[in-house]
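Novice: Questions regarding the structure given below will be posed in turn.
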Protein chains: 2
Amino acid sequence: MDGPIPEIDRNTGRPLGMQLVEGVRRRILEGVLRPGDAVPSTRALASELAVSRSAVVAAYEQLAGEGYLDMRQGAPTRVAALLLAGSPPTDGLDGGRHDESVTPNGRELRVPAAATRTSRPLDGMTARVTADGSAAQSAGAPPRIDLLPGRPSTARIDTRAWRAAWRHAAGLDIPSESPPPFGVARLRAEIADHLRLARGVARAPDDVVVTAGTAEALALVASALAELIGTAPEVAVEHPGYPSARRTLERRGARTTPVPVDGDGIDVDALRRMPRPPHAVMVTPSHQYPLGGRLPVAARLELLDWARAAGAVVIEDDYDSEFRHLGPPLPALASLDDERVVLVGSFSKVLTPWLRLGYLVLPADPALREAVAAIRADEPSPVPGTAQEAAAALLASGAVRRHIAVTRREYAHRRRLVLAALDGLPGAPLSGLDGGLHAVLGLPDAATAASVVDRLAAEGVAVASLAEYSAVPGDERAGLVFGYAGPTDTLLAEGLERIRAAVASAI
Amino acid sequence: MDGPIPEIDRNTGRPLGMQLVEGVRRRILEGVLRPGDAVPSTRALASELAVSRSAVVAAYEQLAGEGYLDMRQGAPTRVAALLLAGSPPTDGLDGGRHDESVTPNGRELRVPAAATRTSRPLDGMTARVTADGSAAQSAGAPPRIDLLPGRPSTARIDTRAWRAAWRHAAGLDIPSESPPPFGVARLRAEIADHLRLARGVARAPDDVVVTAGTAEALALVASALAELIGTAPEVAVEHPGYPSARRTLERRGARTTPVPVDGDGIDVDALRRMPRPPHAVMVTPSHQYPLGGRLPVAARLELLDWARAAGAVVIEDDYDSEFRHLGPPLPALASLDDERVVLVGSFSKVLTPWLRLGYLVLPADPALREAVAAIRADEPSPVPGTAQEAAAALLASGAVRRHIAVTRREYAHRRRLVLAALDGLPGAPLSGLDGGLHAVLGLPDAATAASVVDRLAAEGVAVASLAEYSAVPGDERAGLVFGYAGPTDTLLAEGLERIRAAVASAI
């Protein structure tokens, strides 16, 4: 059998349903089945492969949930039209990826040897510490308009469901032990459901580990790698990227090596060119942080091919994946490979970072699972059992799903405000707006960027400087990174106008 | 001025009240003022030192809270009678400490060079991992009677207050940011109050950092030391001691060196003899884990003198300090020195480890505070804001204080059951029962201990082997470590009877 019909091998131990899903997905990703193509009817495929029709229906439903198929009542099921929107349709899978002109700093970034272990400055912070442990703001007073990236809108959280969930959790018996090492079973099942529905990652609850947000998940993975490898594991990280995440890995004994990023995400060729392959690579393919690119499907497949050949673990920080504004979801790396991808995510954007709730999804590799279990045996799960039960109840109530739908519309509206205010400013290209809750405004040089950030701070508008995300000292990009989800429409509009004015007068 | 009247120096910046407290405390600890001695009346002392009477009253009240003074309505205030119960009264401050015969393994413990970096086996665990991340029990079924140390009794938690606290917290506005780096202000204030009342540690809320239990607190301190020192900090740890805590430090880059412990706690002489003083020492002076000794006051002062001379940080794990069965509290190291002692504690025993709530108390050293703040800036507090608000409400309600009083009586009763069942067994000395929730039963040799642990496991009684706490491979002690707080009286009685029978038939 070839063409659009996937092969089924009854001699492997692999469940038929899983083989069906993988076969169809592979044919779509490889371009054998193309956007808009009708797939065989469930009846025809079941008959052709001699499997039950319900198995085919289940496989198609999973693929529809993952964004690969478009199922409509009374119409043939087709390959989703916009699936490969990350690449121009005419170029096929590889299109647009290797255009040198789209890369701000050039792809042949030279990485100074001294930069593999970065020094550890605070992100744009002074060394002074206030009583609650915050770094002191140089301006003294808190900003009037907080456009720092990373803050969601919590105004529309269903407070009735929120309270009911905590009330339920507080009414349960109080155990006299720590929560289970990988989390409360009910929450792990709800997170697995959430990942399947919101992210197209179909994995068993047993693969889910509950964590205290993304930072704790990354720390756990880094410690597990150190446990497995014995010496300091080498981890390739995006440049520019998330400096806190980098330092979190380093604090657990990892050595990080920067790999350049362009408008589409990490440069897989640069990974391939590394003289010695790292033990792991940490990527943000959904919405590169900070530049905002979405890693195209072809590059995802190349990245996984590289990882397989190099024997490397891929740490997928599924940053902002729930909020995409242009095009349908691209498949998570964890949905393309369950052998070596560790998916890391949180409810910090979906709900609020106040909840300190995240997760990691373990790959099939038993060694990594055992290393994580060994760490959790020494250092119990930091997530209170009551908070886990409350989160499970909240997810089960449907309130989280509804909240994502509501905030997705709200953030799309905010994004339009950003475009209306800042798109097309001369010398200040706006980018990173395909998804997520923040945008990047490029600026001509470091001095301009510093003066704009300072002027905005003096006016009570907090934004981040793109330079702070550099993983290579001396190779900073000039620009602003700002979030648009947290403030009210009115404050956002004022903040954007102040950004526009500050940029216009500085350039 | 000399004798019982403390000196006051108006030229230092130090507040007069603090000088008063320290002066009286020092005179008591040095034996100038002795148990039962009346101290000057507040009126007389105020007049003598030309300070306000209210300042003297406040100082006396603090010293009474710390257990140094005995204040009664209508009677002169006296030095508390049993303060120095850790040492026999006739021997004074130094008594009983250097009797070689009380030390099971001899004080001149030889530490093999290879042991400074221990390998990382799981504590008595197999490598197999169950679906929830627990290590698989070799017996398969969970134990019928769980006497593993570390489980408190939760049956008497005031569930009405517990639910009300969570309901209150869930009804608050939902912020769109992470909790403050050092914790919610209200909780920090409640923890400072708790430490003052339950532990005699009078420190400002600003010095308190909320953590996810003791393990996260230790991890934070270790990472802060690494941040400060730049390379792998050397930390002296108790041998035998808590293997998980040791590995938690090592996982954050510390190198640990074992220091022997006797029936009274860590051997300060052995610390002094270290060829190169470590950057820090981690101790459990309240109730040494696992041997159960209480570090006498003289040894506490010697330890602090050593730390000052060595420039070392003292990490005080205030393990089980709330539950003492013989004698009044000894002063926490953190109450004797606020320059270099980091106090670490949790509500895991006081309430339940299910809550994942702990704290550290920072010393005055600003560098350490800044290092902790830098880590919390990268890795936000893992403790959910709602859980912090709930814990603050629970503490404020008085339910925690009442629960400690109730469980203290309950555990004292359980302790009597342990003594009745196991004290005086030939060849199996019972120890560690001055405080806390666990006891140690010595056994003649490793083979006997292993056979007793195995037989008990086969009978469904889970206890720990003392050998697992060794920090020096090849230098394991033989015995059992078992908790007596978790099970019901009936199950505990049955478990103790099975221990007695297993030991009797093995020796």
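Each chain in the structure tokens gets a letter, A, B, ..., in the order shown, and its residues are numbered from 1; ligands are numbered from 1 in order too.
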Sorted by chain and rising residue number, list the residues of chain A at most 7 Å from chain B (counting only C-alpha atoms), each with its closest atom pair and distance in Å to one decimal, as a Markdown table.
Specialist:
| residue | atom | partner | partner_atom | distance |
| --- | --- | --- | --- | --- |
| A:Leu122 | CA | B:Ala374 | CA | 6.4 |
| A:Val129 | CA | B:Glu370 | CA | 6.2 |
| A:Ala131 | CA | B:Asp206 | CA | 5.5 |
| A:Asp132 | CA | B:Phe182 | CA | 5.2 |
| A:Gly133 | CA | B:Ala373 | CA | 5.0 |
| A:Ser134 | CA | B:Pro181 | CA | 6.1 |
| A:Arg151 | CA | B:Ser176 | CA | 5.9 |
| A:Pro152 | CA | B:Ser176 | CA | 5.9 |
| A:Ser153 | CA | B:Ser176 | CA | 6.3 |
| A:Thr154 | CA | B:Ser176 | CA | 5.6 |
| A:Arg163 | CA | B:Ala170 | CA | 5.3 |
| A:Trp166 | CA | B:Ala170 | CA | 6.3 |
| A:Arg167 | CA | B:Arg167 | CA | 5.9 |
| A:Ala170 | CA | B:Arg163 | CA | 5.2 |
| A:Gly171 | CA | B:Arg163 | CA | 6.3 |
| A:Ile174 | CA | B:Thr154 | CA | 6.6 |
| A:Pro175 | CA | B:Trp354 | CA | 6.3 |
| A:Ser176 | CA | B:Thr352 | CA | 5.3 |
| A:Glu177 | CA | B:Pro353 | CA | 5.2 |
| A:Ser178 | CA | B:Trp354 | CA | 4.4 |
| A:Pro179 | CA | B:Trp354 | CA | 5.6 |
| A:Pro180 | CA | B:Asp132 | CA | 6.3 |
| A:Pro181 | CA | B:Gly133 | CA | 5.2 |
| A:Phe182 | CA | B:Gly133 | CA | 5.2 |
| A:Gly183 | CA | B:Asp132 | CA | 6.9 |
| A:Asp206 | CA | B:Ala131 | CA | 5.6 |
| A:Ala212 | CA | B:Pro382 | CA | 5.2 |
| A:Ala215 | CA | B:Glu379 | CA | 5.5 |
| A:Ser223 | CA | B:Arg251 | CA | 6.8 |
| A:Ser244 | CA | B:Asp378 | CA | 4.7 |
| A:Thr248 | CA | B:Asp378 | CA | 6.9 |
| A:Arg251 | CA | B:Arg252 | CA | 6.5 |
| A:Arg252 | CA | B:Arg252 | CA | 5.5 |
| A:Gly253 | CA | B:Gly253 | CA | 6.6 |
| A:Thr352 | CA | B:Ser176 | CA | 5.3 |
| A:Pro353 | CA | B:Ser178 | CA | 4.7 |
| A:Trp354 | CA | B:Ser178 | CA | 4.4 |
| A:Leu355 | CA | B:Pro384 | CA | 4.8 |
| A:Arg356 | CA | B:Pro384 | CA | 5.1 |
| A:Glu370 | CA | B:Val129 | CA | 6.2 |
| A:Ala373 | CA | B:Gly133 | CA | 5.1 |
| A:Ala374 | CA | B:Leu122 | CA | 6.5 |
| A:Asp378 | CA | B:Ser244 | CA | 4.7 |
| A:Glu379 | CA | B:Ala215 | CA | 5.5 |
| A:Pro382 | CA | B:Ala212 | CA | 5.2 |
| A:Val383 | CA | B:Arg356 | CA | 6.6 |
| A:Pro384 | CA | B:Leu355 | CA | 4.8 |
| A:Gly385 | CA | B:Trp354 | CA | 5.3 |
| A:Ala387 | CA | B:Ala387 | CA | 7.0 |
Novice: Would you mind listing what lies within 6 Å of Leu343 (chain B) as a list of chain:residue names, with only C-alpha atoms counted and same-chain residues fewer than 4 positions away left out?
Specialist: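 Those residues are B:Glu316, B:Leu360, B:Val361.
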Novice: CA of Leu148 (chain A) to CA of Gly483 (chain A): how many Å, to one decimal?
Specialist: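 Between CA of Leu148 (chain A) and CA of Gly483 (chain A) the gap is 5.4 Å.
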Novice: Select from region 191-396 of chain B everything DSSP, run on the backbone, classes as strand (DSSP E or B), then give the selection as number ranges by chain.
Specialist: B: 208-211, 234-239, 255-262, 265-266, 280-283, 313-317, 324, 341-346, 358-361
Novice: Those selected residues, please, written with N, CA and C atoms and delivered as a CSV table (one decimal), in the first residue's frame.
Specialist:
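Contents of the output file selection00.csv:
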chain,number,residue,atom,x,y,z
B,208,VAL,N,11.8,36.7,56.4
B,208,VAL,CA,11.2,35.5,56.2
B,208,VAL,C,11.0,35.3,54.7
B,209,VAL,N,11.4,34.1,54.1
B,209,VAL,CA,11.1,33.8,52.7
B,209,VAL,C,10.2,32.5,52.7
B,210,VAL,N,9.1,32.6,52.1
B,210,VAL,CA,8.2,31.5,52.0
B,210,VAL,C,8.7,30.5,51.0
B,211,THR,N,8.7,29.2,51.3
B,211,THR,CA,9.2,28.2,50.4
B,211,THR,C,8.3,27.0,50.3
B,234,GLU,N,31.5,24.4,49.5
B,234,GLU,CA,31.7,23.2,50.4
B,234,GLU,C,30.8,23.3,51.6
B,235,VAL,N,30.0,22.2,51.8
B,235,VAL,CA,29.0,22.3,52.9
B,235,VAL,C,29.3,21.0,53.8
B,236,ALA,N,29.5,21.3,55.1
B,236,ALA,CA,29.7,20.2,56.0
B,236,ALA,C,28.3,19.7,56.4
B,237,VAL,N,28.1,18.4,56.4
B,237,VAL,CA,26.8,17.8,56.7
B,237,VAL,C,26.9,16.8,57.8
B,238,GLU,N,25.9,16.5,58.5
B,238,GLU,CA,25.9,15.6,59.7
B,238,GLU,C,26.0,14.1,59.1
B,239,HIS,N,26.8,13.3,59.9
B,239,HIS,CA,26.9,11.9,59.5
B,239,HIS,C,26.7,11.1,60.8
B,255,ARG,N,29.4,20.8,47.3
B,255,ARG,CA,30.2,19.5,47.6
B,255,ARG,C,30.0,19.3,49.1
B,256,THR,N,29.6,18.2,49.5
B,256,THR,CA,29.3,17.9,50.9
B,256,THR,C,30.4,17.1,51.6
B,257,THR,N,30.7,17.4,52.8
B,257,THR,CA,31.7,16.7,53.6
B,257,THR,C,31.1,16.2,54.9
B,258,PRO,N,31.1,14.9,55.2
B,258,PRO,CA,30.5,14.4,56.4
B,258,PRO,C,31.2,14.8,57.7
B,259,VAL,N,30.5,15.1,58.7
B,259,VAL,CA,31.0,15.4,60.0
B,259,VAL,C,30.3,14.5,61.0
B,260,PRO,N,31.0,13.9,61.9
B,260,PRO,CA,30.3,12.9,62.8
B,260,PRO,C,29.4,13.5,63.8
B,261,VAL,N,28.4,12.7,64.2
B,261,VAL,CA,27.4,13.1,65.1
B,261,VAL,C,27.4,12.2,66.2
B,262,ASP,N,27.2,12.6,67.5
B,262,ASP,CA,27.0,11.7,68.6
B,262,ASP,C,25.6,11.9,69.1
B,265,GLY,N,24.3,15.4,69.1
B,265,GLY,CA,24.3,16.3,67.8
B,265,GLY,C,25.6,16.3,67.2
B,266,ILE,N,25.8,17.3,66.4
B,266,ILE,CA,27.1,17.4,65.6
B,266,ILE,C,28.3,17.6,66.5
B,280,ALA,N,29.9,26.4,54.5
B,280,ALA,CA,28.7,26.3,55.3
B,280,ALA,C,28.6,25.0,56.0
B,281,VAL,N,27.8,24.9,57.0
B,281,VAL,CA,27.5,23.7,57.7
B,281,VAL,C,26.0,23.5,57.8
B,282,MET,N,25.5,22.4,57.6
B,282,MET,CA,24.0,22.1,57.8
B,282,MET,C,23.8,21.3,59.0
B,283,VAL,N,23.0,21.7,59.9
B,283,VAL,CA,22.8,21.0,61.2
B,283,VAL,C,21.3,20.9,61.5
B,313,VAL,N,28.6,30.0,56.8
B,313,VAL,CA,27.2,30.1,57.0
B,313,VAL,C,26.7,28.9,57.7
B,314,VAL,N,25.8,29.0,58.7
B,314,VAL,CA,25.2,27.9,59.4
B,314,VAL,C,23.8,27.7,58.9
B,315,ILE,N,23.5,26.6,58.3
B,315,ILE,CA,22.1,26.3,57.9
B,315,ILE,C,21.5,25.5,59.0
B,316,GLU,N,20.5,26.1,59.7
B,316,GLU,CA,19.9,25.4,60.8
B,316,GLU,C,18.6,24.8,60.3
B,317,ASP,N,18.5,23.5,60.2
B,317,ASP,CA,17.3,22.8,59.9
B,317,ASP,C,16.6,22.6,61.2
B,324,ARG,N,8.8,18.7,71.6
B,324,ARG,CA,9.8,18.2,72.5
B,324,ARG,C,9.1,17.6,73.7
B,341,VAL,N,23.4,32.7,60.5
B,341,VAL,CA,22.6,31.5,60.6
B,341,VAL,C,21.4,31.7,59.7
B,342,VAL,N,21.2,30.7,58.8
B,342,VAL,CA,19.9,30.7,58.0
B,342,VAL,C,19.1,29.6,58.6
B,343,LEU,N,17.9,30.0,59.1
B,343,LEU,CA,17.0,29.0,59.7
B,343,LEU,C,16.1,28.5,58.6
B,344,VAL,N,15.9,27.2,58.6
B,344,VAL,CA,15.1,26.5,57.6
B,344,VAL,C,14.0,25.7,58.3
B,345,GLY,N,12.8,25.8,57.9
B,345,GLY,CA,11.8,25.0,58.6
B,345,GLY,C,10.5,24.8,57.7
B,346,SER,N,9.6,24.0,58.3
B,346,SER,CA,8.4,23.8,57.4
B,346,SER,C,7.2,23.5,58.3
B,358,GLY,N,7.0,25.8,53.6
B,358,GLY,CA,8.1,26.0,54.5
B,358,GLY,C,8.6,27.4,54.5
B,359,TYR,N,9.8,27.6,55.0
B,359,TYR,CA,10.3,29.0,55.1
B,359,TYR,C,11.8,28.9,55.3
B,360,LEU,N,12.4,30.0,55.0
B,360,LEU,CA,13.8,30.2,55.5
B,360,LEU,C,13.8,31.6,56.1
B,361,VAL,N,14.6,31.8,57.1
B,361,VAL,CA,14.8,33.1,57.8
B,361,VAL,C,16.2,33.5,57.4
Novice: Hey, what does DSSP flag as helix (DSSP H, G or I) within region 256-462 of chain B? Can you give it to me as a PyMOL selection string?
Specialist: chain B and resi 268-272+297-310+333-336+353-355+366-378+385-396+399-422+446-458
Novice: Would you work out the distance separating CA of Thr77 (chain B) from CA of Arg401 (chain B), expressed in Å to one decimal?
Specialist: 25.3 Å
Novice: Excluding Arg408 (chain B) and its own-chain neighbours fewer than 2 positions away, which residues fall within 9 Å of it when counting only C-alpha atoms? Please give them as a list in words.
Specialist: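 Non-adjacent residues within range: Glu322, Phe323, Arg324, His325, His403, Ile404, Ala405, Val406, Glu410, Tyr411, Ala412 and His413 of chain B.
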Novice: Write out the residues from the selection above, keeping N, CA and C atoms, as a PDB file, in the first residue's frame.
Specialist:
ATOM      1  N   GLU B 322       9.124  21.842  67.210  1.00  0.00           N
ATOM      2  CA  GLU B 322       7.846  22.123  67.881  1.00  0.00           C
ATOM      3  C   GLU B 322       7.460  21.017  68.845  1.00  0.00           C
ATOM      4  N   PHE B 323       8.039  19.824  68.673  1.00  0.00           N
ATOM      5  CA  PHE B 323       7.622  18.703  69.506  1.00  0.00           C
ATOM      6  C   PHE B 323       8.788  18.244  70.363  1.00  0.00           C
ATOM      7  N   ARG B 324       8.798  18.700  71.592  1.00  0.00           N
ATOM      8  CA  ARG B 324       9.826  18.235  72.520  1.00  0.00           C
ATOM      9  C   ARG B 324       9.084  17.604  73.684  1.00  0.00           C
ATOM     10  N   HIS B 325       9.647  16.531  74.172  1.00  0.00           N
ATOM     11  CA  HIS B 325       8.946  15.789  75.205  1.00  0.00           C
ATOM     12  C   HIS B 325       9.650  15.880  76.545  1.00  0.00           C
ATOM     13  N   HIS B 403      -3.540  23.386  67.130  1.00  0.00           N
ATOM     14  CA  HIS B 403      -3.216  22.055  66.628  1.00  0.00           C
ATOM     15  C   HIS B 403      -1.883  21.562  67.212  1.00  0.00           C
ATOM     16  N   ILE B 404      -0.920  22.454  67.305  1.00  0.00           N
ATOM     17  CA  ILE B 404       0.370  22.059  67.891  1.00  0.00           C
ATOM     18  C   ILE B 404       0.164  21.609  69.331  1.00  0.00           C
ATOM     19  N   ALA B 405      -0.648  22.347  70.081  1.00  0.00           N
ATOM     20  CA  ALA B 405      -0.877  21.983  71.485  1.00  0.00           C
ATOM     21  C   ALA B 405      -1.540  20.615  71.581  1.00  0.00           C
ATOM     22  N   VAL B 406      -2.533  20.375  70.721  1.00  0.00           N
ATOM     23  CA  VAL B 406      -3.249  19.099  70.755  1.00  0.00           C
ATOM     24  C   VAL B 406      -2.321  17.951  70.370  1.00  0.00           C
ATOM     25  N   GLU B 410      -0.812  14.458  72.118  1.00  0.00           N
ATOM     26  CA  GLU B 410      -1.034  13.167  71.462  1.00  0.00           C
ATOM     27  C   GLU B 410       0.300  12.443  71.243  1.00  0.00           C
ATOM     28  N   TYR B 411       1.301  13.175  70.779  1.00  0.00           N
ATOM     29  CA  TYR B 411       2.584  12.531  70.482  1.00  0.00           C
ATOM     30  C   TYR B 411       3.286  12.105  71.774  1.00  0.00           C
ATOM     31  N   ALA B 412       3.089  12.871  72.846  1.00  0.00           N
ATOM     32  CA  ALA B 412       3.688  12.476  74.122  1.00  0.00           C
ATOM     33  C   ALA B 412       3.106  11.131  74.567  1.00  0.00           C
ATOM     34  N   HIS B 413       1.806  10.980  74.324  1.00  0.00           N
ATOM     35  CA  HIS B 413       1.157   9.702  74.649  1.00  0.00           C
ATOM     36  C   HIS B 413       1.718   8.575  73.777  1.00  0.00           C
TER      37      HIS B 413
END
Novice: Could you list, as an NGL selection string, every residue within 9 Å of Asp193 (chain A), counting only C-alpha atoms and ignoring same-chain residues fewer than 6 positions away?
Specialist: :A and (201-205)
Novice: For Leu430 (chain B), find every residue with an atom within 9 Å (counting only C-alpha atoms), except residues of its own chain fewer than 4 positions away, and show them as a list in words.
Specialist: Leu419, Leu422, Asp423, Gly424, Leu425, Ala439, Val440, Leu441 and Gly442 of chain B
Novice: May I ask for the distance between CA of Met71 (chain B) and CA of Tyr319 (chain B), given in Å to one decimal place?
Specialist: 27.6 Å
